[in-house]
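*Asks:* The structure under discussion is supplied below as structure tokens; questions concerning it will follow.
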Amino acid sequence: AGIVNREDAINIVGDGRFEGGDAIVSNGIVYIGVGGRTNKEGVRQAAPEILKQGYRVVIAYDRQRDWNMKSEMKAMHFDTYAMPVSPNEMVVCMDEMKLRDAIEVTINEKGQLEEENLGKMVDFLESQGKDIIEISSYDQEHFAPNFVNLGNKKVILSLDNENLAQQLEQRGYTVLQADLEQITKGYGGLHCMSAPIERG
């Protein structure tokens, strides 16, 4: 499901930053990574439109990267350390996710945005009933979560991601693999290269 109507666009201006790989929709929640490439001001500008459409907005907040205390390149977007593979299953690099807090953005009765810290992001995912498919830092750095989910238990992964491929196949997924060695040298993967996919 898309986060905006096809005719709508959300413009992020001024000091706001918001990149597409940081917004992932799963079970009525828009997870937004805040750290290296997307900042809280960008989320504040996008959140009213997302909330208006009935979604919850939960930030995976990485304070060190948001404050430029740590390089963004290792985990620049949410889709480089986590990705839902079904409504209840999510591929997660726990080493990265443990660094993040869950912050929910809501609108109060006066129309003002409010933020509530919900604790650690890992705990929030578990509270949502997510079955975590854990990957290592090595797999994360080789863009394992940056896959394309075709629906119907079929995904496309990079050839470098044998560990994740085996885990998904054990869960009954059909895994297709593509040679992306040259693409990933530019710090991107399959999800980075694809437009949003709407699944029925």
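Residue numbering restarts at 1 for every chain of the structure tokens, chains are lettered A, B, ... in their displayed order, and ligands are numbered from 1 as they appear.
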May I have a table of the residues of segment 32-90 of chain A lying at most 8 Å from segment 102-110 of chain A, giving each one's closest pair of atoms and their distance in Å to one decimal, counting only C-alpha atoms, ordered by chain and ascending residue number, as CSV?

*Replies:*
residue,atom,partner,partner_atom,distance
A:Ala47,CA,A:Val105,CA,7.3
A:Pro48,CA,A:Ile107,CA,7.5
A:Leu51,CA,A:Thr106,CA,7.4
A:Arg56,CA,A:Val105,CA,7.6
A:Val57,CA,A:Val105,CA,5.5
A:Val58,CA,A:Glu104,CA,4.4
A:Ile59,CA,A:Ile103,CA,5.0
A:Ala60,CA,A:Ala102,CA,5.1
A:Tyr61,CA,A:Ala102,CA,6.3

*Asks:* Assign secondary structure with DSSP using the backbone only, and return the residues of segment 42-187 of chain A in alpha helix (DSSP H) as a count of residues only.

*Replies:* 44

*Asks:* Go ahead and compute the interatomic distance for atom CA of Gly28 of chain A and atom CA of Glu134 of chain A, in Å to one decimal.

*Replies:* 22.3 Å

*Asks:* Counting only C-alpha atoms, figure out which residue out of A:Leu99, A:Ile132, A:Val30, A:Val91 gets nearest to Gln53 of chain A.

*Replies:*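 Using only C-alpha atoms, the shortest distance to Gln53 of chain A belongs to A:Val30.
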
*Asks:* So which residues touch Lys154 of chain A within 10 Å, counting only C-alpha atoms, skipping near sequence neighbours fewer than 3 positions away, as a short mmCIF file (atom, residue, chain, number, x, y, z; two decimals) with N, CA, C and O atoms, in the first residue's frame?

*Replies:*
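Okay, this is what ended up in selection_22.cif:
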data_model
loop_
_atom_site.label_atom_id
_atom_site.label_comp_id
_atom_site.auth_asym_id
_atom_site.auth_seq_id
_atom_site.Cartn_x
_atom_site.Cartn_y
_atom_site.Cartn_z
N VAL A 85 9.05 -8.88 5.33
CA VAL A 85 8.97 -9.86 4.25
C VAL A 85 7.55 -10.43 4.18
O VAL A 85 7.17 -11.03 3.18
N VAL A 148 13.78 -7.05 -2.91
CA VAL A 148 12.46 -6.75 -3.46
C VAL A 148 11.53 -7.89 -3.10
O VAL A 148 11.81 -9.05 -3.40
N ASN A 149 10.43 -7.54 -2.46
CA ASN A 149 9.40 -8.50 -2.07
C ASN A 149 8.31 -8.47 -3.13
O ASN A 149 7.64 -7.46 -3.31
N LEU A 150 8.15 -9.57 -3.86
CA LEU A 150 7.16 -9.65 -4.93
C LEU A 150 5.78 -10.09 -4.43
O LEU A 150 4.83 -10.13 -5.20
N GLY A 151 5.67 -10.41 -3.14
CA GLY A 151 4.42 -10.94 -2.60
C GLY A 151 4.32 -12.42 -2.85
O GLY A 151 5.16 -13.03 -3.53
N LEU A 168 15.04 -17.74 4.46
CA LEU A 168 13.73 -17.54 3.83
C LEU A 168 13.22 -18.83 3.19
O LEU A 168 12.03 -19.15 3.29
N GLU A 169 14.10 -19.57 2.54
CA GLU A 169 13.69 -20.84 1.93
C GLU A 169 13.18 -21.82 2.99
O GLU A 169 12.21 -22.54 2.76
N GLY A 172 9.65 -21.32 3.64
CA GLY A 172 8.73 -21.56 2.53
C GLY A 172 8.72 -20.50 1.44
O GLY A 172 7.83 -20.50 0.59
N TYR A 173 9.70 -19.62 1.45
CA TYR A 173 9.78 -18.59 0.41
C TYR A 173 10.48 -19.11 -0.83
O TYR A 173 11.39 -19.94 -0.75
N THR A 174 10.08 -18.60 -1.97
CA THR A 174 10.82 -18.79 -3.21
C THR A 174 11.79 -17.62 -3.31
O THR A 174 11.36 -16.45 -3.26
N VAL A 175 13.07 -17.91 -3.44
CA VAL A 175 14.10 -16.87 -3.46
C VAL A 175 14.76 -16.85 -4.84
O VAL A 175 15.34 -17.85 -5.27
N LEU A 176 14.64 -15.74 -5.50
CA LEU A 176 15.34 -15.51 -6.76
C LEU A 176 16.55 -14.66 -6.44
O LEU A 176 16.50 -13.80 -5.55
#

*Asks:* List the spatial neighbours of Gly35 of chain A as a ChimeraX atom specification - criterion: any atom at most 7 Å away, only C-alpha atoms, same-chain residues fewer than 5 positions off excluded.

*Replies:* /A:61-63,65-66

*Asks:* One decimal, in Å: what's the spacing between atom CA of Asp123 of chain A and atom CA of Val92 of chain A?

*Replies:*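 Computing the Euclidean distance for atom CA of Asp123 of chain A and atom CA of Val92 of chain A yields 12.6 Å.
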
*Asks:* Between atom CA of Glu114 of chain A and atom CA of Asp95 of chain A, what is the distance in Å, rounded to a tenth?

*Replies:*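 It comes out at 28.4 Å.
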
*Asks:* Could you pull out the strand (DSSP E or B) residues of segment 53-155 of chain A, going by DSSP on the backbone, and write them as a ChimeraX atom specification?

*Replies:* /A:56-61,82-84,89-93,101-107,113-120,131-135,148-151,154-155

*Asks:* For the residues selected in the previous step, produce a file with N, CA and C atoms as a compact mmCIF listing (two decimals), in the first residue's frame.

*Replies:*
# COMPACT_ATOMS: atom_id res chain seq x y z
N ARG A 56 -0.09 4.89 11.30
CA ARG A 56 0.72 5.33 12.42
C ARG A 56 2.11 5.67 11.87
N VAL A 57 2.80 6.59 12.53
CA VAL A 57 4.17 6.95 12.15
C VAL A 57 5.07 6.63 13.33
N VAL A 58 6.02 5.73 13.10
CA VAL A 58 6.98 5.35 14.15
C VAL A 58 8.38 5.54 13.59
N ILE A 59 9.14 6.39 14.26
CA ILE A 59 10.52 6.67 13.86
C ILE A 59 11.46 5.66 14.51
N ALA A 60 12.37 5.13 13.71
CA ALA A 60 13.50 4.35 14.25
C ALA A 60 14.64 5.35 14.38
N TYR A 61 14.83 5.86 15.59
CA TYR A 61 15.71 7.01 15.80
C TYR A 61 17.11 6.60 16.21
N ALA A 82 16.67 -3.22 7.90
CA ALA A 82 15.43 -3.93 8.21
C ALA A 82 14.47 -3.86 7.04
N MET A 83 13.68 -4.95 6.87
CA MET A 83 12.68 -4.97 5.80
C MET A 83 11.62 -6.04 6.12
N PRO A 84 10.34 -5.65 6.07
CA PRO A 84 9.30 -6.67 6.25
C PRO A 84 9.30 -7.61 5.05
N GLU A 89 6.49 -10.96 9.54
CA GLU A 89 7.91 -11.31 9.55
C GLU A 89 8.73 -10.12 9.06
N MET A 90 9.83 -9.87 9.74
CA MET A 90 10.70 -8.77 9.34
C MET A 90 12.16 -9.22 9.43
N VAL A 91 12.90 -8.96 8.37
CA VAL A 91 14.34 -9.20 8.35
C VAL A 91 14.99 -8.03 9.08
N VAL A 92 15.83 -8.32 10.08
CA VAL A 92 16.40 -7.26 10.91
C VAL A 92 17.86 -7.58 11.24
N CYS A 93 18.71 -6.57 11.08
CA CYS A 93 20.07 -6.64 11.63
C CYS A 93 19.98 -6.11 13.06
N ASP A 101 15.90 3.99 19.02
CA ASP A 101 14.70 4.11 19.83
C ASP A 101 13.49 4.20 18.91
N ALA A 102 12.34 3.78 19.41
CA ALA A 102 11.06 3.92 18.70
C ALA A 102 10.38 5.18 19.21
N ILE A 103 10.09 6.10 18.32
CA ILE A 103 9.41 7.34 18.67
C ILE A 103 8.17 7.45 17.80
N GLU A 104 6.99 7.50 18.43
CA GLU A 104 5.76 7.64 17.66
C GLU A 104 5.40 9.11 17.50
N VAL A 105 5.01 9.48 16.29
CA VAL A 105 4.59 10.84 15.98
C VAL A 105 3.07 10.83 15.82
N THR A 106 2.40 11.72 16.57
CA THR A 106 0.94 11.82 16.50
C THR A 106 0.55 13.30 16.38
N ILE A 107 -0.72 13.53 16.14
CA ILE A 107 -1.26 14.90 16.13
C ILE A 107 -2.25 15.01 17.27
N LEU A 113 1.90 18.47 16.23
CA LEU A 113 2.59 17.19 16.26
C LEU A 113 3.19 16.95 17.63
N GLU A 114 3.10 15.71 18.08
CA GLU A 114 3.72 15.31 19.34
C GLU A 114 4.55 14.07 19.10
N GLU A 115 5.61 13.91 19.91
CA GLU A 115 6.46 12.73 19.84
C GLU A 115 6.42 12.01 21.18
N GLU A 116 6.32 10.69 21.12
CA GLU A 116 6.36 9.87 22.34
C GLU A 116 7.41 8.79 22.17
N ASN A 117 8.38 8.77 23.09
CA ASN A 117 9.40 7.74 23.04
C ASN A 117 8.80 6.45 23.59
N LEU A 118 8.79 5.41 22.75
CA LEU A 118 8.19 4.12 23.12
C LEU A 118 9.22 3.12 23.63
N GLY A 119 10.48 3.55 23.77
CA GLY A 119 11.54 2.66 24.23
C GLY A 119 12.37 2.17 23.06
N LYS A 120 13.00 1.04 23.22
CA LYS A 120 13.88 0.50 22.19
C LYS A 120 13.07 -0.01 21.00
N ASP A 131 7.81 -11.38 13.89
CA ASP A 131 8.70 -12.54 13.94
C ASP A 131 9.99 -12.09 13.26
N ILE A 132 11.03 -11.91 14.04
CA ILE A 132 12.29 -11.35 13.53
C ILE A 132 13.13 -12.44 12.86
N ILE A 133 13.52 -12.17 11.63
CA ILE A 133 14.47 -13.01 10.92
C ILE A 133 15.80 -12.27 11.02
N GLU A 134 16.65 -12.75 11.91
CA GLU A 134 17.86 -11.99 12.25
C GLU A 134 18.98 -12.25 11.24
N ILE A 135 19.64 -11.16 10.87
CA ILE A 135 20.81 -11.25 9.99
C ILE A 135 22.01 -10.61 10.70
N VAL A 148 13.78 -7.05 -2.91
CA VAL A 148 12.46 -6.75 -3.46
C VAL A 148 11.53 -7.89 -3.10
N ASN A 149 10.43 -7.54 -2.46
CA ASN A 149 9.40 -8.50 -2.07
C ASN A 149 8.31 -8.47 -3.13
N LEU A 150 8.15 -9.57 -3.86
CA LEU A 150 7.16 -9.65 -4.93
C LEU A 150 5.78 -10.09 -4.43
N GLY A 151 5.67 -10.41 -3.14
CA GLY A 151 4.42 -10.94 -2.60
C GLY A 151 4.32 -12.42 -2.85
N LYS A 154 7.50 -14.68 -2.38
CA LYS A 154 8.56 -14.68 -3.39
C LYS A 154 9.35 -13.38 -3.26
N VAL A 155 10.68 -13.51 -3.16
CA VAL A 155 11.56 -12.34 -3.02
C VAL A 155 12.73 -12.46 -3.99

*Asks:* Identify, on the basis of only C-alpha atoms, every residue whose closest approach to Ala46 of chain A does not exceed 10 Å; exclude the query and any residue fewer than 3 positions from it along the same chain; express the result as a list in words.

*Replies:*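 The neighbour list is Ala9, Ile10, Asn11, Ile12, Gly16, Phe18, Lys40, Glu41, Gly42, Val43, Glu49, Ile50, Leu51 and Val57 of chain A.
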